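Participant: Following this message is one structure expressed as structure tokens.
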Amino acid sequence: MAIFIDEKTRVMVQGITGNQGSFHTRQMLAYGTNIVAGVSPGKGGQEVEGVPVYDTAEAACEEQKPDASVLFVPAAFALDGALEALNAGMKVITPITEGIPVQDAAHLITNARTRGAVVVGPNTFGIVSSGKCKIGIMPNQFYVPGPVGVVARSGTLSYEIVANLKDAGYGTSTVVGLGGDRIVGLDFVDVLAQFEADGETELIVMVGEIGGTAEEEAARYIEKHVSKPVLAYLAGKSAPPGKRMGHAGAIIERGKGTFQAKVEALEAVGVKVAELPFQVPQLAKEILG
Amino acid sequence: MAIFIDEKTRVMVQGITGNQGSFHTRQMLAYGTNIVAGVSPGKGGQEVEGVPVYDTAEAACEEQKPDASVLFVPAAFALDGALEALNAGMKVITPITEGIPVQDAAHLITNARTRGAVVVGPNTFGIVSSGKCKIGIMPNQFYVPGPVGVVARSGTLSYEIVANLKDAGYGTSTVVGLGGDRIVGLDFVDVLAQFEADGETELIVMVGEIGGTAEEEAARYIEKHVSKPVLAYLAGKSAPPGKRMGHAGAIIERGKGTFQAKVEALEAVGVKVAELPFQVPQLAKEILG
Amino acid sequence: MKLFEYMGKDLFREHGIPLPEGRVATTPEEVQGAAAEIGPVVIKSQVLAGKRGKAGGISFADPPEEAREEAERILQMEIGGYPVECVLVESKIQIDREYYLSITIDGALRSPVVLASLEGGMDIEEVPEELIVKYPLDVSIGLKPFAAREICRRLGLKGTEAKEFGAILVKLYRLFCARDAELVEINPLVVSGDRLLAADAKVTIDDDALFRQKDLPVVEERTDLEKKANELGLAYVELEGDIAVMANGAGMAMATLDMIDYYGGKPANFLDAGGGAGVEQTARALELLLATEPRVIMINIFGGITRCDDVANAFATVKKEKGIDMPVVFRLVGTNEEEGRKILEETGVDAYPTMQESAQKAAELASS
Amino acid sequence: MKLFEYMGKDLFREHGIPLPEGRVATTPEEVQGAAAEIGPVVIKSQVLAGKRGKAGGISFADPPEEAREEAERILQMEIGGYPVECVLVESKIQIDREYYLSITIDGALRSPVVLASLEGGMDIEEVPEELIVKYPLDVSIGLKPFAAREICRRLGLKGTEAKEFGAILVKLYRLFCARDAELVEINPLVVSGDRLLAADAKVTIDDDALFRQKDLPVVEERTDLEKKANELGLAYVELEGDIAVMANGAGMAMATLDMIDYYGGKPANFLDAGGGAGVEQTARALELLLATEPRVIMINIFGGITRCDDVANAFATVKKEKGIDMPVVFRLVGTNEEEGRKILEETGVDAYPTMQESAQKAAELASS
């Protein structure tokens with residue numbers, strides 16, 4: 001099974017001729033991802049790592065029928081590219097791009113939702129169904145098939161944890177990067193629901209952090225709907241409060257979002273919370289044996 | 001069965017305190033429609049014909065849980081009202097209003113489609129599932145239950161035909177007014193698909209007219225997907241060409257839309273076309289016996 | 001509401017769509033003055049009719065004195081029944097290629113649609129369908145640069161030309177939305193050296209949206225009677241015969257004409273009384289029909305949102321106040337039918353129950 | 001980017017949101033002049049900090065001479081660490097009631113949300129939740145009048161007041177969208193007789209959208225080091241300890257701090273090298289850390305979009321060109337790890353394979 005993407009997923013890379021685009025196309029191909037097309041306006045007819053490049057997503061779709069897209073395009077053009085992918089019928093859209101205006105993200109995600117498409121990100125490391133399909137920028141070597149589903153707010157920290165899990169002998173089913181922006185397409189709850197239904201996933205690891213209320217909402221959801229064991233690591237215990245949004249933003253969260261509040265919410269519904277990243281495999285061992 | 005609406009439909013009337021709104025609320029109630037709420041900004045707390053009036057659709061929904069709405073509001077405010085209904089969760093939205101700007105209609109219909117809601121109209125006489133629920137402005141006395149499904153582009157002409165059918169002893173299952181505007185929520189194809197699946201409908205009557213390509217598209221659909229007998233009457237055989245749209249509009253239709261083209265398209269797929277309205281019952285008799 | 005070319009170009013300018021330099025002029029002297037400033041010019045008659053070129057309403061001129069002479073001729077013309085009241089004096093541009101670009105509403109798709117072709121400069125209906133790119137727009141997305149790129153790809157445009165074409169298209173859609181247009185058309189969109197220029201502008205505004213486009217100039221295309229009818233909220237069409245027809249609903253009106261025609265009658269005109277006209281409005285409509293002095297009046301009302309009693313009351317009022325000399329054939333069913341018939345009876349007019357009987361009677365009366 | 005009140009009010013004016021009459025002034029003389037024109041005034045210090053009133057940064061004054069004196073005092077103040085550089089001189093308005101109105105982004109709902117309350121004039125966080133109407137907006141619909149009516153209904157506003165409130169809300173949403181705001185807040189929205197007036201304005205623009213809001217004034221709130229880091233596309237935060245930390249990714253940076261803290265170390269600052277920084281950029285980032293003169297530098301890179309070889313190359317370059325005196329603890333895994341390690345080895349620095357080893361080592365080195 002795996003969630004959102006699998007070995008049948010046909011991937012299109014938008015911005016494939018750029019530095020990041022071509023580098024990560026090579027990495028994804030090396031992982032075994034079925035990349036069928038690239039898009040780069042004005043570069044149609046070229047090839048990148050053997051992948052045919054098209055001027056537009058519709059042109060790519062006519063010939064290659066991709067169903068998922070990953071975007072390596074500058075923030076100012078990301079909404080245009082993502083809507084192009086959506087309009088061309090992609091069902092999974094993964095904007096790696098950082099710094100997309102928040103209102104652009106809101107438009108993209110609203111539009112995707114009404115079309116039944118999933119937006120992974122923006123500002124995400126991507127999504128990988130281990131051994132089947134990697135869409136994103138995570139380092140290949142750590143993603144081996146196994147029983148642990150991982151859902152993370154931050155990239156590198158999740159690589160760390162996935163690497164620790166692998167060292168301890170636990171592979172991953174699917175690893176999902178929610179994305180670091182204020183508005184992202186998926187939240188913990190969406191992914192937890194998929195993992196709960198996924199035959200390959202036996203243990204779910206949440207990699208969260210301070211700020212927002214996503215972990216608290218996840219806790220409420222877990223209580224009612226998740227029967228599989230869930231582990232969490234939350235970053236930011238010692239972090240400075242940092243810059244806050246204006247008052248109106250703060251009122252939405254009303255004292256939620258602190259490290260302590262998140263740990264309490266999760267532990268109250270039976271989620272084990274690791275104090276440091278490397279403790280995750282130890283807790284996994286207790287559960288999976 | 002019946003299509004789109006039935007005896008369980010809970011109707012909300014927007015603009016209920018206006019002249020048309022209150023008059024037709026009385027008529028609909030007399031027909032037996034289950035009108036559960038009215039909306040009229042600033043008039044919340046009043047009653048019209050015993051129907052409670054609310055200031056907003058959301059307020060009406062909180063207390064009365066309607067699932068279909070009919071709008072008697074001026075054209076300039078119709079988009080706002082219809083989006084309000086959509087946003088409050090209505091699944092059938094019926095703007096009776098004439099003269100809604102065409103771009104407003106496009107927005108409404110696009111939005112409705114993504115939410116799985118049906119827009120009957122704008123500029124429609126409404127929809128009636130005979131003996132069960134009438135949402136609209138058609139005269140009550142002609143709509144008695146029976147085996148004929150009617151779908152019409154124009155109001156009065158369909159009353160005429162439904163009345164003729166009734167006089168001849170044929171009642172109607174559901175009668176749908178597509179609406180007279182350039183952009184409407186339903187076309188013949190949408191309704192034909194429903195009638196084909198409807199257990200109560202044995203014969204389908206299309207009431208069309210010159211202009212546009214809706215009848216031609218219906219013919220193509222009938223050929224492939226409709227097993228039930230279909231009759232048609234088309235108005236405008238002797239009508240003057242009238243005012244045309246600009247060239248770009250004309251190119252879209254490219255010589256389609258004439259009376260002759262429509263008759264040929266329909267007859268080619270086995271649809272009997274009546275020359276005058278009163279011949280419809282005669283043809284119905286040939287089919288239904 | 002159709003706009004004159006120069007008005008359309010004012011909107012183009014407002015939205016940054018590149019145009020040849022130009023001025024509107026109403027006298028030969030103004031034209032000469034404009035030409036003196038601009039250089040070699042094209043003088044374009046401003047009328048709502050098409051085929052101005054074939055009619056001699058477009059003329060190139062240089063020097064300014066020739067522009068003056070040409071303007072003198074053009075300003076006296078009548079094209080397609082419309083007198084030329086002003087001209088647009090524009091810089092004569094080098095024409096390397098002529099493209100076509102428009103956005104309009106597609107009823108079947110329920111959305112705006114872009115039409116684009118490399119074959120511009122002629123009537124788009126004469127361009128073979130396979131040479132036209134037709135690209136429907138999703139209003140929830142709008143016209144984003146990606147759509148412009150895709151349209152350029154289908155056309156085969158590349159490089160700078162594709163970029164300029166795309167930029168114009170995005171602006172044209174903005175105008176289309178901001179101005180509640182039904183049609184915005186650039187034909188031809190001229191390639192002039194390394195620039196693209198809108199050499200013509202055809203803009204039609206949605207009449208139903210004029211209430212929120214109040215800063216637009218008003219262009220009147222209707223006849224006086226049509227205008228009067230429209231002001232009453234009714235649709236009026238003039239025909240050739242002698243039976244004045246009033247019906248409610250466009251379909252019903254057409255069917256009524258069809259039936260009169262079937263029985264050998266000839267309609268003089270028809271009034272679509274529309275939905276929900278009240279007593280006062282219907283009375284005014286009747287007076288309007290009376291003023292056309294037909295041999296017979298046929299009134300065919302199938303009440304829905306229109307109430308039979310309102311129509312009957314209007315008839316009774318007009319009959320009493322103005323008198324009606326010609327025979328009137330009435331057909332009245334639907335909402336408040338009983339009340340309506342009663343009122344009619346009091347005026348001494350019977351209502352027929354069916355459309356065919358009334359149409360037949362009207363045809364008979366007209367030919368007697 | 002937070003805007004000063006007067007800038008926010010300029011945007012309000014641009015969008016037709018009603019305001020008290022006012023002028024910006026930078027000298028007591030200007031304030032006196034403004035007061036002479038306006039009448040009784042309120043003088044409001046313009047700083048980005050909150051609680052200006054409590055700090056004495058807002059003052060009512062009449063006659064103009066008093067306004068001048070008050071301005072003299074306020075213009076010399078420092079509030080929340082910010083010096084007052086200008087004041088807004090506004091007509092003193094009659095305050096009958098104070099409401100609250102804002103639009104912001106709700107990450108959990110993934111949409112803009114309206115917050116409204118009849119309890120304005122105080123910090124909205126101090127208003128009980130049940131007195132606040134929270135209304136999420138669907139961006140595919142926008143903020144239409146119906147939403148304004150529903151919000152008024154929930155607040156209990158009626159009649160003219162509801163109409164004005166609704167009109168302001170619709171305009172505020174237009175501003176929110178047109179200006180790529182993250183927050184637009186009116187607190188208080190004052191009922192003054194039969195009018196509603198925005199007595200304050202708080203507007204925060206999405207930093208990520210500044211590229212398309214180039215006509216806005218630039219407000220700089222960052223420290224020099226933060227600014228320098230941001231210009232390199234990196235996030236920089238100053239802390240109290242002695243270990244400079246560079247990591248890539250916000251989560252990783254936080255986890256690195258957590259781990260240093262766990263082993264008894266004290267971070268001096270941290271640089272989130274973010275995703276995809278190249279050699280040049282990373283070198284500049286390192287130089288920035290060096291300039292803070294920490295006891296130890298810990299670099300924790302888990303390469304994804306960031307490549308280990310780029311980071312190693314940057315380090316090698318800086319080491320060679322500038323020299324690095326303090327101990328450096330390196331942790332380097334992920335994309336192009338092998339290449340990166342090889343380059344590091346050549347500079348004589350070993351990379352630790354795990355985060356805990358490196359964090360522990362850094363803490364040890366700092367306390368030794």
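Each chain in the structure tokens gets a letter, A, B, ..., in the order shown, and its residues are numbered from 1; ligands are numbered from 1 in order too.
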Please provide the set of residues having any atom within 12 Å of Lys43 in chain A, restricted to only C-alpha atoms, with same-chain residues fewer than 6 positions apart removed, written as a list in words.

Facilitator: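 Near Lys43 in chain A, the qualifying residues are Gln14, Gly15, Ile16, Thr17, Gly18, Pro52, Val53, Tyr54, Asp55 and Thr56 of chain A; Arg153, Lys158 and Gly159 of chain C.
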
Participant: Neighbouring residues of range 65-75 of chain D were defined as those with any atom within 12 Å, considering only C-alpha atoms; residues of the same chain fewer than 5 positions away were excluded. Please report them as a tab-separated table (two decimals) with N, CA, C and O atoms, in the first residue's frame.

Facilitator:
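File produced: out32.tsv:
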```
chain	number	residue	atom	x	y	z
D	24	VAL	N	0.86	63.39	10.08
D	24	VAL	CA	2.10	62.89	10.68
D	24	VAL	C	3.01	64.09	10.94
D	24	VAL	O	3.09	65.00	10.12
D	25	ALA	N	3.69	64.09	12.09
D	25	ALA	CA	4.58	65.21	12.40
D	25	ALA	C	5.84	64.69	13.07
D	25	ALA	O	5.80	63.71	13.81
D	26	THR	N	6.95	65.36	12.79
D	26	THR	CA	8.22	64.92	13.38
D	26	THR	C	8.80	65.97	14.34
D	26	THR	O	9.78	65.71	15.00
D	27	THR	N	8.19	67.15	14.39
D	27	THR	CA	8.69	68.18	15.31
D	27	THR	C	7.51	68.77	16.10
D	27	THR	O	6.37	68.74	15.64
D	28	PRO	N	7.80	69.28	17.29
D	28	PRO	CA	6.75	69.91	18.10
D	28	PRO	C	6.05	71.04	17.33
D	28	PRO	O	4.84	71.23	17.48
D	29	GLU	N	6.80	71.75	16.49
D	29	GLU	CA	6.22	72.85	15.73
D	29	GLU	C	5.16	72.34	14.76
D	29	GLU	O	4.08	72.91	14.63
D	30	GLU	N	5.51	71.25	14.07
D	30	GLU	CA	4.53	70.66	13.15
D	30	GLU	C	3.28	70.22	13.89
D	30	GLU	O	2.17	70.37	13.41
D	31	VAL	N	3.49	69.66	15.07
D	31	VAL	CA	2.34	69.20	15.87
D	31	VAL	C	1.46	70.40	16.23
D	31	VAL	O	0.24	70.34	16.10
D	32	GLN	N	2.11	71.45	16.64
D	32	GLN	CA	1.33	72.65	17.01
D	32	GLN	C	0.53	73.15	15.79
D	32	GLN	O	-0.65	73.48	15.90
D	33	GLY	N	1.20	73.18	14.65
D	33	GLY	CA	0.52	73.62	13.43
D	33	GLY	C	-0.67	72.74	13.09
D	33	GLY	O	-1.76	73.23	12.76
D	34	ALA	N	-0.48	71.43	13.22
D	34	ALA	CA	-1.56	70.50	12.92
D	34	ALA	C	-2.72	70.72	13.88
D	34	ALA	O	-3.89	70.76	13.47
D	35	ALA	N	-2.40	70.89	15.15
D	35	ALA	CA	-3.44	71.08	16.17
D	35	ALA	C	-4.20	72.37	15.90
D	35	ALA	O	-5.41	72.46	16.13
D	36	ALA	N	-3.50	73.37	15.43
D	36	ALA	CA	-4.15	74.64	15.12
D	36	ALA	C	-5.19	74.47	14.02
D	36	ALA	O	-6.25	75.09	14.02
D	37	GLU	N	-4.89	73.57	13.07
D	37	GLU	CA	-5.86	73.30	11.99
D	37	GLU	C	-7.00	72.41	12.45
D	37	GLU	O	-8.15	72.59	12.06
D	38	ILE	N	-6.64	71.40	13.24
D	38	ILE	CA	-7.59	70.31	13.54
D	38	ILE	C	-8.49	70.62	14.72
D	38	ILE	O	-9.64	70.23	14.78
D	39	GLY	N	-7.95	71.35	15.72
D	39	GLY	CA	-8.72	71.55	16.96
D	39	GLY	C	-8.17	70.63	18.03
D	39	GLY	O	-6.99	70.28	18.00
D	40	PRO	N	-9.01	70.21	18.98
D	40	PRO	CA	-8.52	69.31	20.03
D	40	PRO	C	-7.99	68.02	19.38
D	40	PRO	O	-8.63	67.47	18.50
D	41	VAL	N	-6.80	67.58	19.81
D	41	VAL	CA	-6.17	66.44	19.14
D	41	VAL	C	-5.71	65.38	20.13
D	41	VAL	O	-5.67	65.61	21.34
D	42	VAL	N	-5.41	64.23	19.55
D	42	VAL	CA	-4.68	63.21	20.29
D	42	VAL	C	-3.34	63.06	19.56
D	42	VAL	O	-3.29	63.06	18.34
D	43	ILE	N	-2.27	62.99	20.35
D	43	ILE	CA	-0.92	62.86	19.78
D	43	ILE	C	-0.46	61.45	20.07
D	43	ILE	O	-0.42	61.02	21.23
D	44	LYS	N	-0.15	60.71	19.01
D	44	LYS	CA	0.16	59.29	19.20
D	44	LYS	C	1.58	59.00	18.71
D	44	LYS	O	1.90	59.19	17.54
D	45	SER	N	2.40	58.52	19.63
D	45	SER	CA	3.77	58.15	19.27
D	45	SER	C	3.72	57.01	18.26
D	45	SER	O	2.92	56.09	18.37
D	46	GLN	N	4.59	57.09	17.25
D	46	GLN	CA	4.64	56.05	16.24
D	46	GLN	C	5.83	55.14	16.52
D	46	GLN	O	6.98	55.46	16.20
D	47	VAL	N	5.52	54.00	17.14
D	47	VAL	CA	6.54	52.96	17.37
D	47	VAL	C	5.87	51.62	17.10
D	47	VAL	O	4.65	51.51	17.13
D	52	ARG	N	1.43	51.54	23.95
D	52	ARG	CA	1.93	52.90	23.90
D	52	ARG	C	1.24	53.79	24.92
D	52	ARG	O	1.83	54.70	25.49
D	53	GLY	N	-0.06	53.53	25.11
D	53	GLY	CA	-0.85	54.35	26.03
D	53	GLY	C	-0.29	54.25	27.44
D	53	GLY	O	0.00	55.27	28.08
D	55	ALA	N	2.57	53.46	28.36
D	55	ALA	CA	3.92	54.01	28.46
D	55	ALA	C	3.92	55.54	28.40
D	55	ALA	O	4.97	56.16	28.48
D	56	GLY	N	2.75	56.13	28.23
D	56	GLY	CA	2.68	57.60	28.16
D	56	GLY	C	2.90	58.13	26.76
D	56	GLY	O	3.13	59.32	26.57
D	57	GLY	N	2.81	57.26	25.78
D	57	GLY	CA	3.10	57.66	24.40
D	57	GLY	C	1.89	58.16	23.64
D	57	GLY	O	1.97	58.42	22.44
D	58	ILE	N	0.77	58.27	24.31
D	58	ILE	CA	-0.44	58.81	23.68
D	58	ILE	C	-1.00	59.89	24.58
D	58	ILE	O	-1.16	59.68	25.77
D	59	SER	N	-1.30	61.04	24.00
D	59	SER	CA	-1.70	62.15	24.85
D	59	SER	C	-2.74	63.03	24.16
D	59	SER	O	-2.61	63.34	22.98
D	60	PHE	N	-3.75	63.44	24.89
D	60	PHE	CA	-4.74	64.37	24.36
D	60	PHE	C	-4.29	65.79	24.66
D	60	PHE	O	-3.72	66.04	25.73
D	82	TYR	N	12.15	51.13	21.40
D	82	TYR	CA	12.16	51.88	20.14
D	82	TYR	C	12.06	53.37	20.40
D	82	TYR	O	11.15	53.81	21.11
D	83	PRO	N	12.96	54.17	19.82
D	83	PRO	CA	12.81	55.63	19.97
D	83	PRO	C	11.63	56.12	19.13
D	83	PRO	O	11.36	55.58	18.05
D	84	VAL	N	10.94	57.11	19.64
D	84	VAL	CA	9.81	57.70	18.90
D	84	VAL	C	10.37	58.68	17.88
D	84	VAL	O	11.03	59.64	18.26
D	85	GLU	N	10.15	58.44	16.64
D	85	GLU	CA	10.70	59.34	15.62
D	85	GLU	C	9.67	60.28	15.02
D	85	GLU	O	10.00	61.31	14.47
D	86	CYS	N	8.43	59.86	15.11
D	86	CYS	CA	7.37	60.75	14.67
D	86	CYS	C	6.08	60.47	15.43
D	86	CYS	O	5.98	59.48	16.16
D	87	VAL	N	5.15	61.38	15.31
D	87	VAL	CA	3.85	61.19	15.96
D	87	VAL	C	2.74	61.37	14.94
D	87	VAL	O	2.94	61.99	13.89
D	88	LEU	N	1.60	60.78	15.26
D	88	LEU	CA	0.41	61.00	14.46
D	88	LEU	C	-0.48	61.95	15.26
D	88	LEU	O	-0.80	61.66	16.41
D	89	VAL	N	-0.83	63.08	14.66
D	89	VAL	CA	-1.69	64.05	15.33
D	89	VAL	C	-3.09	63.91	14.74
D	89	VAL	O	-3.28	64.16	13.54
D	90	GLU	N	-4.03	63.47	15.57
D	90	GLU	CA	-5.36	63.21	15.05
D	90	GLU	C	-6.41	63.99	15.80
D	90	GLU	O	-6.28	64.24	17.00
D	91	SER	N	-7.47	64.29	15.10
D	91	SER	CA	-8.62	64.93	15.73
D	91	SER	C	-9.12	64.05	16.87
D	91	SER	O	-9.26	62.83	16.71
D	92	LYS	N	-9.34	64.67	18.01
D	92	LYS	CA	-9.89	63.92	19.14
D	92	LYS	C	-11.35	63.61	18.83
D	92	LYS	O	-12.13	64.52	18.54
```

Participant: Please identify every residue of chain C that has at least one atom no more than 8 Å from any atom of chain A, counting only C-alpha atoms, and report them as a PDB file with N, CA, C and O atoms, in the first residue's frame.

Facilitator:
```pdb
ATOM      1  N   SER C 140     -12.351  30.027 -11.145  1.00  0.00           N
ATOM      2  CA  SER C 140     -11.782  29.923  -9.798  1.00  0.00           C
ATOM      3  C   SER C 140     -10.266  30.043  -9.847  1.00  0.00           C
ATOM      4  O   SER C 140      -9.622  30.283  -8.841  1.00  0.00           O
ATOM      5  N   ILE C 141      -9.678  29.870 -11.000  1.00  0.00           N
ATOM      6  CA  ILE C 141      -8.235  30.059 -11.178  1.00  0.00           C
ATOM      7  C   ILE C 141      -7.955  31.377 -11.893  1.00  0.00           C
ATOM      8  O   ILE C 141      -6.995  32.063 -11.599  1.00  0.00           O
ATOM      9  N   LYS C 144      -4.040  32.729 -15.491  1.00  0.00           N
ATOM     10  CA  LYS C 144      -2.696  32.860 -14.928  1.00  0.00           C
ATOM     11  C   LYS C 144      -1.674  32.711 -16.053  1.00  0.00           C
ATOM     12  O   LYS C 144      -1.981  32.180 -17.122  1.00  0.00           O
ATOM     13  N   PRO C 145      -0.442  33.131 -15.793  1.00  0.00           N
ATOM     14  CA  PRO C 145       0.588  33.022 -16.834  1.00  0.00           C
ATOM     15  C   PRO C 145       0.681  31.622 -17.448  1.00  0.00           C
ATOM     16  O   PRO C 145       0.971  31.494 -18.634  1.00  0.00           O
ATOM     17  N   PHE C 146       0.419  30.575 -16.680  1.00  0.00           N
ATOM     18  CA  PHE C 146       0.564  29.236 -17.255  1.00  0.00           C
ATOM     19  C   PHE C 146      -0.394  29.027 -18.424  1.00  0.00           C
ATOM     20  O   PHE C 146      -0.056  28.348 -19.410  1.00  0.00           O
ATOM     21  N   ALA C 147      -1.583  29.613 -18.317  1.00  0.00           N
ATOM     22  CA  ALA C 147      -2.548  29.462 -19.411  1.00  0.00           C
ATOM     23  C   ALA C 147      -2.047  30.191 -20.651  1.00  0.00           C
ATOM     24  O   ALA C 147      -2.163  29.693 -21.774  1.00  0.00           O
ATOM     25  N   ARG C 149       1.047  30.679 -21.403  1.00  0.00           N
ATOM     26  CA  ARG C 149       2.144  29.877 -21.975  1.00  0.00           C
ATOM     27  C   ARG C 149       1.592  28.718 -22.814  1.00  0.00           C
ATOM     28  O   ARG C 149       2.098  28.409 -23.891  1.00  0.00           O
ATOM     29  N   GLU C 150       0.554  28.072 -22.269  1.00  0.00           N
ATOM     30  CA  GLU C 150      -0.020  26.933 -22.978  1.00  0.00           C
ATOM     31  C   GLU C 150      -0.646  27.378 -24.301  1.00  0.00           C
ATOM     32  O   GLU C 150      -0.501  26.718 -25.333  1.00  0.00           O
ATOM     33  N   ARG C 153       2.060  28.011 -26.713  1.00  0.00           N
ATOM     34  CA  ARG C 153       2.625  26.748 -27.189  1.00  0.00           C
ATOM     35  C   ARG C 153       1.752  26.164 -28.293  1.00  0.00           C
ATOM     36  O   ARG C 153       2.238  25.754 -29.345  1.00  0.00           O
ATOM     37  N   LYS C 158       6.913  31.681 -29.817  1.00  0.00           N
ATOM     38  CA  LYS C 158       8.066  31.456 -28.958  1.00  0.00           C
ATOM     39  C   LYS C 158       8.739  32.760 -28.567  1.00  0.00           C
ATOM     40  O   LYS C 158       8.453  33.815 -29.134  1.00  0.00           O
ATOM     41  N   GLY C 159       9.627  32.649 -27.608  1.00  0.00           N
ATOM     42  CA  GLY C 159      10.513  33.761 -27.262  1.00  0.00           C
ATOM     43  C   GLY C 159       9.780  35.026 -26.855  1.00  0.00           C
ATOM     44  O   GLY C 159       8.757  34.985 -26.169  1.00  0.00           O
TER      45      GLY C 159
END
```

Participant: Determine, counting only C-alpha atoms, which protein, DNA and RNA residues have an atom within 6 Å of an atom of Gly249 in chain C; residues of the same chain fewer than 2 positions away are not included. Present the result as a short mmCIF file (atom, residue, chain, number, x, y, z; two decimals) with all heavy atoms, in the first residue's frame.

Facilitator:
```cif
data_model
loop_
_atom_site.label_atom_id
_atom_site.label_comp_id
_atom_site.auth_asym_id
_atom_site.auth_seq_id
_atom_site.Cartn_x
_atom_site.Cartn_y
_atom_site.Cartn_z
N THR B 156 -42.75 29.67 -19.50
CA THR B 156 -44.16 29.62 -19.88
C THR B 156 -44.43 28.55 -20.92
O THR B 156 -45.46 27.89 -20.88
CB THR B 156 -44.59 30.99 -20.44
OG1 THR B 156 -43.58 31.46 -21.32
CG2 THR B 156 -44.77 31.97 -19.31
N GLY C 251 -39.46 31.83 -24.76
CA GLY C 251 -39.87 30.59 -25.44
C GLY C 251 -41.32 30.69 -25.87
O GLY C 251 -41.68 30.33 -27.00
N MET C 252 -42.17 31.19 -24.96
CA MET C 252 -43.58 31.31 -25.25
C MET C 252 -43.81 32.29 -26.38
O MET C 252 -44.65 32.06 -27.27
CB MET C 252 -44.30 31.80 -23.99
CG MET C 252 -45.80 31.74 -24.11
SD MET C 252 -46.32 30.00 -24.33
CE MET C 252 -47.79 30.04 -23.31
N ASP C 272 -42.02 40.56 -25.32
CA ASP C 272 -41.91 39.54 -24.27
C ASP C 272 -42.12 40.24 -22.95
O ASP C 272 -41.27 41.00 -22.50
CB ASP C 272 -40.52 38.89 -24.35
CG ASP C 272 -40.28 37.97 -23.17
OD1 ASP C 272 -41.21 37.76 -22.37
OD2 ASP C 272 -39.15 37.47 -23.05
N GLY C 274 -42.03 39.16 -20.21
CA GLY C 274 -41.07 38.68 -19.21
C GLY C 274 -41.72 38.13 -17.97
O GLY C 274 -42.90 37.80 -17.96
#
```

Participant: Write out as a PyMOL selection string all residues of range 121-268 of chain B that backbone DSSP assigns to strand (DSSP E or B).

Facilitator: chain B and resi 126-129+133-136+145-152+172-177+203-209+230-235

Participant: For the residues in that selection, give me C-alpha atoms as a compact mmCIF listing (two decimals), in the first residue's frame.

Facilitator:
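To be explicit, this is the file written out as again09.txt:
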```
# COMPACT_ATOMS: atom_id res chain seq x y z
CA GLY B 126 -37.59 26.41 -11.02
CA ILE B 127 -37.97 22.72 -10.51
CA VAL B 128 -40.93 20.60 -9.37
CA SER B 129 -41.13 16.95 -8.47
CA CYS B 133 -41.93 19.45 -3.86
CA LYS B 134 -42.17 22.58 -5.97
CA ILE B 135 -39.30 25.08 -5.91
CA GLY B 136 -40.11 27.91 -8.24
CA PRO B 145 -47.59 13.00 -10.61
CA GLY B 146 -47.03 10.91 -13.70
CA PRO B 147 -44.49 9.24 -15.95
CA VAL B 148 -43.24 12.19 -18.01
CA GLY B 149 -40.01 13.94 -17.13
CA VAL B 150 -39.80 17.43 -18.61
CA VAL B 151 -36.70 19.54 -19.07
CA ALA B 152 -37.15 23.00 -20.55
CA THR B 172 -45.08 14.58 -14.75
CA SER B 173 -42.35 13.04 -12.60
CA THR B 174 -40.04 16.05 -12.35
CA VAL B 175 -40.07 19.23 -14.42
CA VAL B 176 -36.76 21.10 -14.58
CA GLY B 177 -36.30 24.67 -15.82
CA LEU B 203 -40.81 9.35 -21.16
CA ILE B 204 -38.62 12.43 -21.39
CA VAL B 205 -39.83 15.67 -22.99
CA MET B 206 -37.31 18.32 -23.97
CA VAL B 207 -38.56 21.85 -24.50
CA GLY B 208 -35.84 23.64 -26.41
CA GLU B 209 -35.41 26.69 -28.55
CA VAL B 230 -37.43 11.25 -25.78
CA LEU B 231 -39.77 13.83 -27.32
CA ALA B 232 -38.92 17.41 -28.12
CA TYR B 233 -40.57 20.66 -29.00
CA LEU B 234 -38.36 23.50 -30.18
CA ALA B 235 -39.53 27.10 -30.28
```

Participant: Considering only C-alpha atoms, return as number ranges by chain whatever protein or nucleic-acid residues lie within 10 Å of Ile324 in chain C, sequence-local ones (same chain, fewer than 2 positions apart) excluded.

Facilitator: C: 286-287, 290, 297, 315, 318-322, 326-328
